[in-house]
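Heads up, upload05.cif below (mmCIF, C-alpha atoms):
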```cif
data_start
#
loop_
_atom_site.group_PDB
_atom_site.id
_atom_site.type_symbol
_atom_site.label_atom_id
_atom_site.label_comp_id
_atom_site.auth_asym_id
_atom_site.auth_seq_id
_atom_site.Cartn_x
_atom_site.Cartn_y
_atom_site.Cartn_z
ATOM 1 C CA MET A 1 167.690 50.310 14.793
ATOM 2 C CA SER A 2 169.074 46.793 14.324
ATOM 3 C CA PRO A 3 166.778 43.831 14.050
ATOM 4 C CA THR A 4 168.018 42.540 17.340
ATOM 5 C CA GLU A 5 167.262 45.725 19.247
ATOM 6 C CA LYS A 6 163.983 45.965 21.033
ATOM 7 C CA PRO A 7 162.077 49.148 20.944
ATOM 8 C CA ALA A 8 162.208 51.151 24.162
ATOM 9 C CA GLU A 9 159.222 50.635 26.348
ATOM 10 C CA THR A 10 157.127 53.719 26.913
ATOM 11 C CA LYS A 11 156.361 54.237 30.596
ATOM 12 C CA LYS A 12 152.830 55.177 31.427
ATOM 13 C CA PRO A 13 152.529 58.135 33.727
ATOM 14 C CA GLU A 14 151.564 57.122 37.188
ATOM 15 C CA ALA A 15 148.103 58.207 38.249
ATOM 16 C CA THR A 16 148.206 60.869 40.939
ATOM 17 C CA LYS A 17 146.195 59.911 43.911
ATOM 18 C CA ALA A 18 143.713 62.626 45.021
ATOM 19 C CA GLN A 19 144.409 63.833 48.523
ATOM 20 C CA PRO A 20 141.345 63.605 50.756
ATOM 21 C CA GLN A 21 140.022 67.075 51.621
ATOM 22 C CA GLU A 22 139.021 67.947 55.141
ATOM 23 C CA PRO A 23 135.332 68.855 55.474
ATOM 24 C CA ILE A 24 134.687 72.590 55.740
ATOM 25 C CA VAL A 25 132.797 73.412 58.920
ATOM 26 C CA ALA A 26 130.588 76.465 58.657
ATOM 27 C CA THR A 27 131.066 78.784 61.622
ATOM 28 C CA SER A 28 128.178 80.995 62.697
ATOM 29 C CA THR A 29 128.909 84.655 63.358
ATOM 30 C CA THR A 30 125.437 85.399 64.875
ATOM 31 C CA LYS A 31 125.687 86.660 68.461
ATOM 32 C CA LYS A 32 123.358 85.500 71.195
ATOM 33 C CA THR A 33 120.736 88.056 72.193
ATOM 34 C CA SER A 34 120.971 89.095 75.832
ATOM 35 C CA GLY A 35 118.082 87.749 77.871
ATOM 36 C CA LEU A 36 118.560 90.602 80.355
ATOM 37 C CA ALA A 37 117.981 93.144 77.593
ATOM 38 C CA VAL A 38 114.735 91.466 76.546
ATOM 39 C CA ALA A 39 113.531 91.269 80.155
ATOM 40 C CA ALA A 40 114.467 94.920 80.742
ATOM 41 C CA LEU A 41 112.418 96.035 77.734
ATOM 42 C CA VAL A 42 109.350 94.106 78.878
ATOM 43 C CA LEU A 43 109.573 95.273 82.489
ATOM 44 C CA ALA A 44 110.103 98.896 81.435
ATOM 45 C CA PHE A 45 106.410 99.136 80.502
ATOM 46 C CA PHE A 46 105.114 97.725 83.788
ATOM 47 C CA PHE A 47 107.813 98.509 86.363
ATOM 48 C CA PRO A 48 109.860 101.418 84.963
ATOM 49 C CA VAL A 49 112.326 101.550 87.853
ATOM 50 C CA VAL A 50 113.076 97.823 87.565
ATOM 51 C CA GLY A 51 113.341 98.108 83.787
ATOM 52 C CA PHE A 52 115.799 101.001 84.137
ATOM 53 C CA ILE A 53 118.079 99.102 86.519
ATOM 54 C CA LEU A 54 117.903 95.891 84.495
ATOM 55 C CA GLY A 55 118.696 97.821 81.308
ATOM 56 C CA ILE A 56 121.922 99.151 82.829
ATOM 57 C CA VAL A 57 122.856 95.666 84.025
ATOM 58 C CA ALA A 58 122.109 94.301 80.537
ATOM 59 C CA LEU A 59 124.469 96.804 78.886
ATOM 60 C CA SER A 60 127.293 95.681 81.159
ATOM 61 C CA SER A 61 126.527 92.000 80.514
ATOM 62 C CA ILE A 62 126.369 92.516 76.744
ATOM 63 C CA LYS A 63 129.799 94.137 76.679
ATOM 64 C CA LYS A 64 131.302 91.493 78.941
ATOM 65 C CA ASN A 65 129.850 88.437 77.168
ATOM 66 C CA ASN A 66 129.973 89.847 73.612
ATOM 67 C CA GLU A 67 126.202 89.466 73.194
ATOM 68 C CA SER A 68 123.728 91.303 71.006
ATOM 69 C CA GLY A 69 120.753 93.295 72.270
ATOM 70 C CA ARG A 70 122.422 96.608 73.083
ATOM 71 C CA GLY A 71 119.618 98.442 71.295
ATOM 72 C CA LEU A 72 117.010 96.632 73.390
ATOM 73 C CA ALA A 73 118.783 97.580 76.614
ATOM 74 C CA ILE A 74 119.046 101.236 75.591
ATOM 75 C CA SER A 75 115.368 101.274 74.587
ATOM 76 C CA ALA A 76 114.437 99.830 77.979
ATOM 77 C CA ILE A 77 116.376 102.576 79.761
ATOM 78 C CA VAL A 78 114.825 105.357 77.652
ATOM 79 C CA ILE A 79 111.279 104.010 78.033
ATOM 80 C CA SER A 80 111.754 103.582 81.792
ATOM 81 C CA VAL A 81 112.899 107.183 82.170
ATOM 82 C CA ILE A 82 110.009 108.525 80.075
ATOM 83 C CA LEU A 83 107.350 106.520 81.936
ATOM 84 C CA THR A 84 108.828 107.493 85.314
ATOM 85 C CA LEU A 85 108.716 111.177 84.384
ATOM 86 C CA ILE A 86 105.138 110.801 83.170
ATOM 87 C CA GLY A 87 104.191 109.138 86.476
ATOM 88 C CA LEU A 88 105.805 111.901 88.526
ATOM 89 C CA LEU A 89 104.131 114.575 86.411
ATOM 90 C CA THR A 90 100.745 112.889 86.812
ATOM 91 C CA MET A 91 101.215 112.705 90.569
ATOM 92 C CA LEU A 92 102.172 116.385 90.704
ATOM 93 C CA ILE A 93 99.092 117.365 88.700
ATOM 94 C CA PHE A 94 96.916 115.242 91.007
ATOM 95 C CA VAL A 95 98.338 116.877 94.147
ATOM 96 C CA LEU A 96 97.856 120.351 92.677
ATOM 97 C CA ALA A 97 94.280 119.477 91.694
ATOM 98 C CA ILE A 98 93.530 118.260 95.226
ATOM 99 C CA GLY A 99 94.957 121.457 96.683
ATOM 100 C CA ARG A 100 92.930 123.599 94.303
ATOM 101 C CA ALA A 101 89.758 121.643 95.047
ATOM 102 C CA ALA A 102 90.386 122.067 98.768
ATOM 103 C CA ASN A 103 90.698 125.829 98.353
ATOM 104 C CA GLU A 104 87.584 126.070 96.213
ATOM 105 C CA THR A 105 85.498 123.984 98.607
ATOM 106 C CA GLY A 106 86.752 125.863 101.642
ATOM 107 C CA ILE A 107 88.582 122.980 103.335
ATOM 108 C CA ASN A 108 90.947 124.382 105.921
ATOM 109 C CA GLY A 109 92.613 121.179 107.114
ATOM 110 C CA VAL A 110 92.448 117.406 107.406
ATOM 111 C CA ASP A 111 93.523 115.618 110.576
ATOM 112 C CA THR A 112 93.949 111.897 111.167
ATOM 113 C CA LYS A 113 94.379 110.519 114.661
ATOM 114 C CA ASN A 114 93.167 107.659 116.857
ATOM 115 C CA GLY A 115 91.683 105.831 113.887
ATOM 116 C CA SER A 116 89.487 108.764 112.771
ATOM 117 C CA ILE A 117 89.582 111.418 110.046
ATOM 118 C CA SER A 118 88.532 114.989 110.762
ATOM 119 C CA VAL A 119 87.945 117.669 108.109
ATOM 120 C CA THR A 120 87.602 121.347 109.037
ATOM 121 C CA GLY A 121 86.249 123.968 106.663
ATOM 122 C CA LYS A 122 87.281 127.602 106.519
ATOM 123 C CA ASP A 123 83.792 128.555 107.705
ATOM 124 C CA GLY A 124 84.269 126.480 110.866
ATOM 125 C CA ALA A 125 82.242 123.471 109.710
ATOM 126 C CA THR A 126 83.649 120.132 110.876
ATOM 127 C CA ALA A 127 83.126 116.486 110.001
ATOM 128 C CA THR A 128 84.747 113.547 111.768
ATOM 129 C CA VAL A 129 84.385 109.862 110.966
ATOM 130 C CA GLY A 130 86.110 106.789 112.386
ATOM 131 C CA LYS A 131 86.447 104.681 115.507
ATOM 132 C CA SER A 132 87.199 107.338 118.117
ATOM 133 C CA VAL A 133 84.992 110.327 117.327
ATOM 134 C CA SER A 134 84.261 113.115 119.801
ATOM 135 C CA ILE A 135 80.956 114.925 120.143
ATOM 136 C CA PRO A 136 81.268 118.380 118.478
ATOM 137 C CA SER A 137 81.798 121.376 120.729
ATOM 138 C CA GLY A 138 78.502 123.180 121.326
ATOM 139 C CA PHE A 139 76.319 120.102 120.877
ATOM 140 C CA PRO A 140 73.036 120.755 122.780
ATOM 141 C CA SER A 141 73.230 119.488 126.354
ATOM 142 C CA ASP A 142 69.496 118.658 126.385
ATOM 143 C CA VAL A 143 70.048 115.975 123.701
ATOM 144 C CA PRO A 144 71.477 112.916 125.490
ATOM 145 C CA ILE A 145 74.131 110.650 123.978
ATOM 146 C CA TYR A 146 73.201 107.024 124.580
ATOM 147 C CA LYS A 147 75.450 104.996 126.861
ATOM 148 C CA PRO A 148 77.041 102.590 126.114
ATOM 149 C CA SER A 149 77.674 103.479 122.488
ATOM 150 C CA ASP A 150 80.419 104.311 120.021
ATOM 151 C CA VAL A 151 80.316 107.593 118.139
ATOM 152 C CA ILE A 152 81.270 106.845 114.511
ATOM 153 C CA LEU A 153 80.289 110.130 112.822
ATOM 154 C CA ALA A 154 79.919 113.723 113.963
ATOM 155 C CA THR A 155 79.381 116.936 111.992
ATOM 156 C CA SER A 156 78.762 120.562 112.902
ATOM 157 C CA ASN A 157 77.978 123.559 110.733
ATOM 158 C CA ASP A 158 76.600 126.927 111.806
ATOM 159 C CA GLY A 159 74.745 125.621 114.871
ATOM 160 C CA LYS A 160 73.532 122.443 113.158
ATOM 161 C CA TYR A 161 74.790 119.108 114.457
ATOM 162 C CA SER A 162 74.595 115.474 113.440
ATOM 163 C CA VAL A 163 75.945 112.394 115.221
ATOM 164 C CA SER A 164 75.754 108.686 114.483
ATOM 165 C CA LEU A 165 76.148 106.069 117.221
ATOM 166 C CA LEU A 166 76.351 102.303 117.481
ATOM 167 C CA THR A 167 75.312 100.276 120.505
ATOM 168 C CA THR A 168 74.916 96.606 121.346
ATOM 169 C CA ASP A 169 71.634 97.295 123.200
ATOM 170 C CA SER A 170 68.333 96.422 121.559
ATOM 171 C CA GLU A 171 66.302 98.871 119.487
ATOM 172 C CA THR A 172 63.432 98.651 122.003
ATOM 173 C CA LYS A 173 65.664 99.631 124.905
ATOM 174 C CA VAL A 174 67.210 102.528 122.981
ATOM 175 C CA SER A 175 63.814 103.787 121.753
ATOM 176 C CA ASP A 176 62.334 103.716 125.260
ATOM 177 C CA TYR A 177 65.347 105.603 126.620
ATOM 178 C CA TYR A 178 65.090 108.440 124.103
ATOM 179 C CA THR A 179 61.294 108.678 124.350
ATOM 180 C CA LYS A 180 61.543 109.292 128.117
ATOM 181 C CA GLN A 181 64.716 111.409 128.185
ATOM 182 C CA LEU A 182 63.780 113.770 125.371
ATOM 183 C CA ALA A 183 60.306 114.307 126.810
ATOM 184 C CA SER A 184 61.742 115.083 130.244
ATOM 185 C CA ASN A 185 64.167 117.587 128.646
ATOM 186 C CA GLY A 186 61.309 119.530 127.073
ATOM 187 C CA TRP A 187 61.322 118.174 123.527
ATOM 188 C CA VAL A 188 57.792 117.855 122.157
ATOM 189 C CA THR A 189 56.134 116.461 119.061
ATOM 190 C CA PRO A 190 55.176 119.255 116.614
ATOM 191 C CA GLN A 191 51.533 119.700 115.678
ATOM 192 C CA GLY A 192 50.532 117.130 113.117
ATOM 193 C CA GLY A 193 53.673 115.103 113.769
ATOM 194 C CA GLY A 194 54.454 111.957 115.693
ATOM 195 C CA ASP A 195 56.758 108.980 115.927
ATOM 196 C CA ILE A 196 56.946 106.556 113.053
ATOM 197 C CA ARG A 197 57.584 103.047 114.295
ATOM 198 C CA TYR A 198 58.355 100.073 112.122
ATOM 199 C CA GLU A 199 59.718 96.601 112.657
ATOM 200 C CA GLY A 200 63.199 97.047 114.032
ATOM 201 C CA GLY A 201 63.258 100.837 114.140
ATOM 202 C CA MET A 202 61.781 104.234 114.919
ATOM 203 C CA ILE A 203 61.806 107.748 113.413
ATOM 204 C CA SER A 204 61.007 110.801 115.569
ATOM 205 C CA ASN A 205 60.730 114.514 114.821
ATOM 206 C CA LEU A 206 60.675 116.854 117.823
ATOM 207 C CA GLU A 207 61.038 120.561 118.523
ATOM 208 C CA LYS A 208 61.968 122.883 121.346
ATOM 209 C CA ASP A 209 62.586 126.643 121.621
ATOM 210 C CA GLY A 210 62.959 127.175 117.884
ATOM 211 C CA ASN A 211 65.125 124.101 117.403
ATOM 212 C CA VAL A 212 64.215 120.876 115.651
ATOM 213 C CA LEU A 213 65.492 117.370 116.337
ATOM 214 C CA GLY A 214 65.443 114.306 114.115
ATOM 215 C CA LEU A 215 66.015 110.851 115.579
ATOM 216 C CA ILE A 216 66.418 107.609 113.635
ATOM 217 C CA ILE A 217 66.925 104.293 115.448
ATOM 218 C CA ALA A 218 67.493 101.112 113.453
ATOM 219 C CA ALA A 219 68.218 97.656 114.798
ATOM 220 C CA ASN A 220 70.422 94.852 113.526
ATOM 221 C CA ALA A 221 71.737 96.640 110.441
ATOM 222 C CA LYS A 222 73.876 94.113 108.570
ATOM 223 C CA SER A 223 76.495 96.763 107.806
ATOM 224 C CA ASN A 224 76.830 97.507 111.526
ATOM 225 C CA ASP A 225 77.654 93.978 112.728
ATOM 226 C CA GLY A 226 74.168 93.482 114.123
ATOM 227 C CA LYS A 227 74.351 96.568 116.361
ATOM 228 C CA THR A 228 71.639 99.169 116.838
ATOM 229 C CA SER A 229 72.368 102.419 115.023
ATOM 230 C CA ILE A 230 71.307 105.837 116.333
ATOM 231 C CA THR A 231 71.347 108.981 114.171
ATOM 232 C CA ILE A 232 70.588 112.373 115.722
ATOM 233 C CA THR A 233 70.329 115.687 113.852
ATOM 234 C CA VAL A 234 69.571 118.907 115.705
ATOM 235 C CA GLY A 235 69.672 122.602 114.854
ATOM 236 C CA PRO A 236 67.710 125.827 114.477
ATOM 237 C CA LYS A 237 64.336 125.617 112.808
ATOM 238 C CA SER A 238 64.490 127.001 109.293
ATOM 239 C CA SER A 239 61.766 128.814 107.398
ATOM 240 C CA ASN A 240 61.105 125.623 105.436
ATOM 241 C CA ASN A 241 60.285 123.622 108.605
#
```

What would the structure in this file look like if it were written as structure tokens?
Amino acid sequence: MSPTEKPAETKKPEATKAQPQEPIVATSTTKKTSGLAVAALVLAFFFPVVGFILGIVALSSIKKNNESGRGLAISAIVISVILTLIGLLTMLIFVLAIGRAANETGINGVDTKNGSISVTGKDGATATVGKSVSIPSGFPSDVPIYKPSDVILATSNDGKYSVSLLTTDSETKVSDYYTKQLASNGWVTPQGGGDIRYEGGMISNLEKDGNVLGLIIAANAKSNDGKTSITITVGPKSSNN
């Protein structure tokens, strides 16, 4: 190198500028749980039929909307089916038990008509209760039925009868009527017996030709809408009477 020559300049490497990186956005892969599936599972315990239907709808919605909760929907359907079968089985057992009880107690039939219920036993005994009750066939003709009145209960069994009536007339008027009518029809007070009168009512025990009659009259019973109630029982005199 001559004295006049300058040394070659050394170039410094240029600094590389760092390229700005784009921020990485985390994407969630968790699926949304189907609200229909959750509702179906809850309702399956209380309303099995509704839970069953909603479970089927939830399965369709889950597939369509790519949701999670398929297991919940299937569980709802299974639980609904099981509970429905249990309910039907319980009902069947109940019906069979009622039928067996009816056979063991001798019930021959139950009839409902005109707002009343009538039960007939295999031995011919009957019991009717309701709004439109008829006097049993064979009821003694010498025992008057007060008019006006509504018959609300009537039973018959082997020559023994019982009827319950309601009337808007006063207890005094009803008591006077039966005292006169029963006496004129030959019913008498047994030896040592007699009427028992109390405030708002009367109890009588009478007999005639081997039959006995019990009469209870009560006024203004709260359960009878303030009406006077009349209960008559009549039948053959037993060895205990």

request  = Find the distance between atom CA of Val119 of chain A and atom CA of Leu213 of chain A and write it in Å to one decimal.
outcome  = 23.9 Å

task = Determine the nearest neighbour of Lys147 of chain A from the options A:Ile230, A:Ala219, A:Leu182, A:Val81, counting only C-alpha atoms.
result = A:Ile230

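Restricting the calculation to only C-alpha atoms, the smallest distance between Ala39 of chain A and any of A:Gly210, A:Gly55, A:Gly115, A:Gly201 is found for A:Gly55.
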
message = Can you spell out as number ranges by chain the set of residues that the PyMOL selection byres ((chain A and resi 200) around 10) selects in the structure I just provided?
response = A: 170-172, 197-199, 201-202, 217-221, 228

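Atom pair atom CA of Gly192 of chain A / atom CA of Ser238 of chain A: separated by 17.5 Å.
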
request  = Would you mind reading off the distance between atom CA of Phe45 of chain A and atom CA of Ile82 of chain A, one decimal, in Å?
outcome  = 10.1 Å

inquiry  = Given all atoms listed in the file as the basis, pick out the residue of A:Val133, A:Ala76, A:Ile93, A:Ile232 nearest to Ser118 of chain A.
reply    = A:Val133

Near Ile135 of chain A, counting all atoms listed in the file, which residues have an atom at most 8 Å away, once you skip same-chain residues fewer than 3 positions from it, shown as an mmCIF file with C-alpha atoms, keeping the file's coordinate frame?
```cif
data_model
loop_
_atom_site.group_PDB
_atom_site.id
_atom_site.type_symbol
_atom_site.label_atom_id
_atom_site.label_comp_id
_atom_site.auth_asym_id
_atom_site.auth_seq_id
_atom_site.Cartn_x
_atom_site.Cartn_y
_atom_site.Cartn_z
ATOM 1 C CA PHE A 139 76.319 120.102 120.877
ATOM 2 C CA VAL A 151 80.316 107.593 118.139
ATOM 3 C CA ALA A 154 79.919 113.723 113.963
ATOM 4 C CA VAL A 163 75.945 112.394 115.221
#
```

request  = Could you tell me which residues the PyMOL selection byres ((chain A and resi 159) around 9) returns for this structure, as JSON, numbers by chain?
outcome  = {"A": [138, 139, 156, 157, 158, 160, 161, 234, 235, 236]}

ask   = Expanded to explicit residues, what is the PyMOL selection byres ((chain A and resi 149) around 6) for this file, as a PyMOL selection string?
value = chain A and resi 147-148+150+166-167

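When all atoms listed in the file are used to measure the gap to Thr128 of chain A, the shortest distance among A:Tyr146, A:Leu96, A:Ala73, A:Ser162 belongs to A:Ser162.
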
Do you know which residues are at most 6 Å from Thr231 of chain A counting all atoms listed in the file, after dropping those on the same chain fewer than 5 positions away, and could you put them as a JSON list (two decimals) with C-alpha atoms, keeping the file's coordinate frame?
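Saved the output as part-v9.json:
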```json
[["chain", "number", "residue", "atom", "x", "y", "z"],
["A", 163, "VAL", "CA", 75.94, 112.39, 115.22],
["A", 164, "SER", "CA", 75.75, 108.69, 114.48],
["A", 215, "LEU", "CA", 66.02, 110.85, 115.58],
["A", 216, "ILE", "CA", 66.42, 107.61, 113.64]]
```

task = Mind checking which residues fall within 9 Å of Ile74 of chain A, counting only C-alpha atoms, ignoring those fewer than 6 positions away in the same chain, and posting them as an MDAnalysis selection string?
result = chainID A and resid 37 41 55:56 59

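Compared by their closest atoms to Glu207 of chain A, and using all atoms listed in the file, the residues A:Gly69, A:Gly51, A:Pro136, A:Gly186 rank with A:Gly186 nearest.
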
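The closest residue to Gly35 of chain A, picked from A:Ser61, A:Ser137, A:Gln181, A:Thr168 and counting all atoms listed in the file, is A:Ser61.
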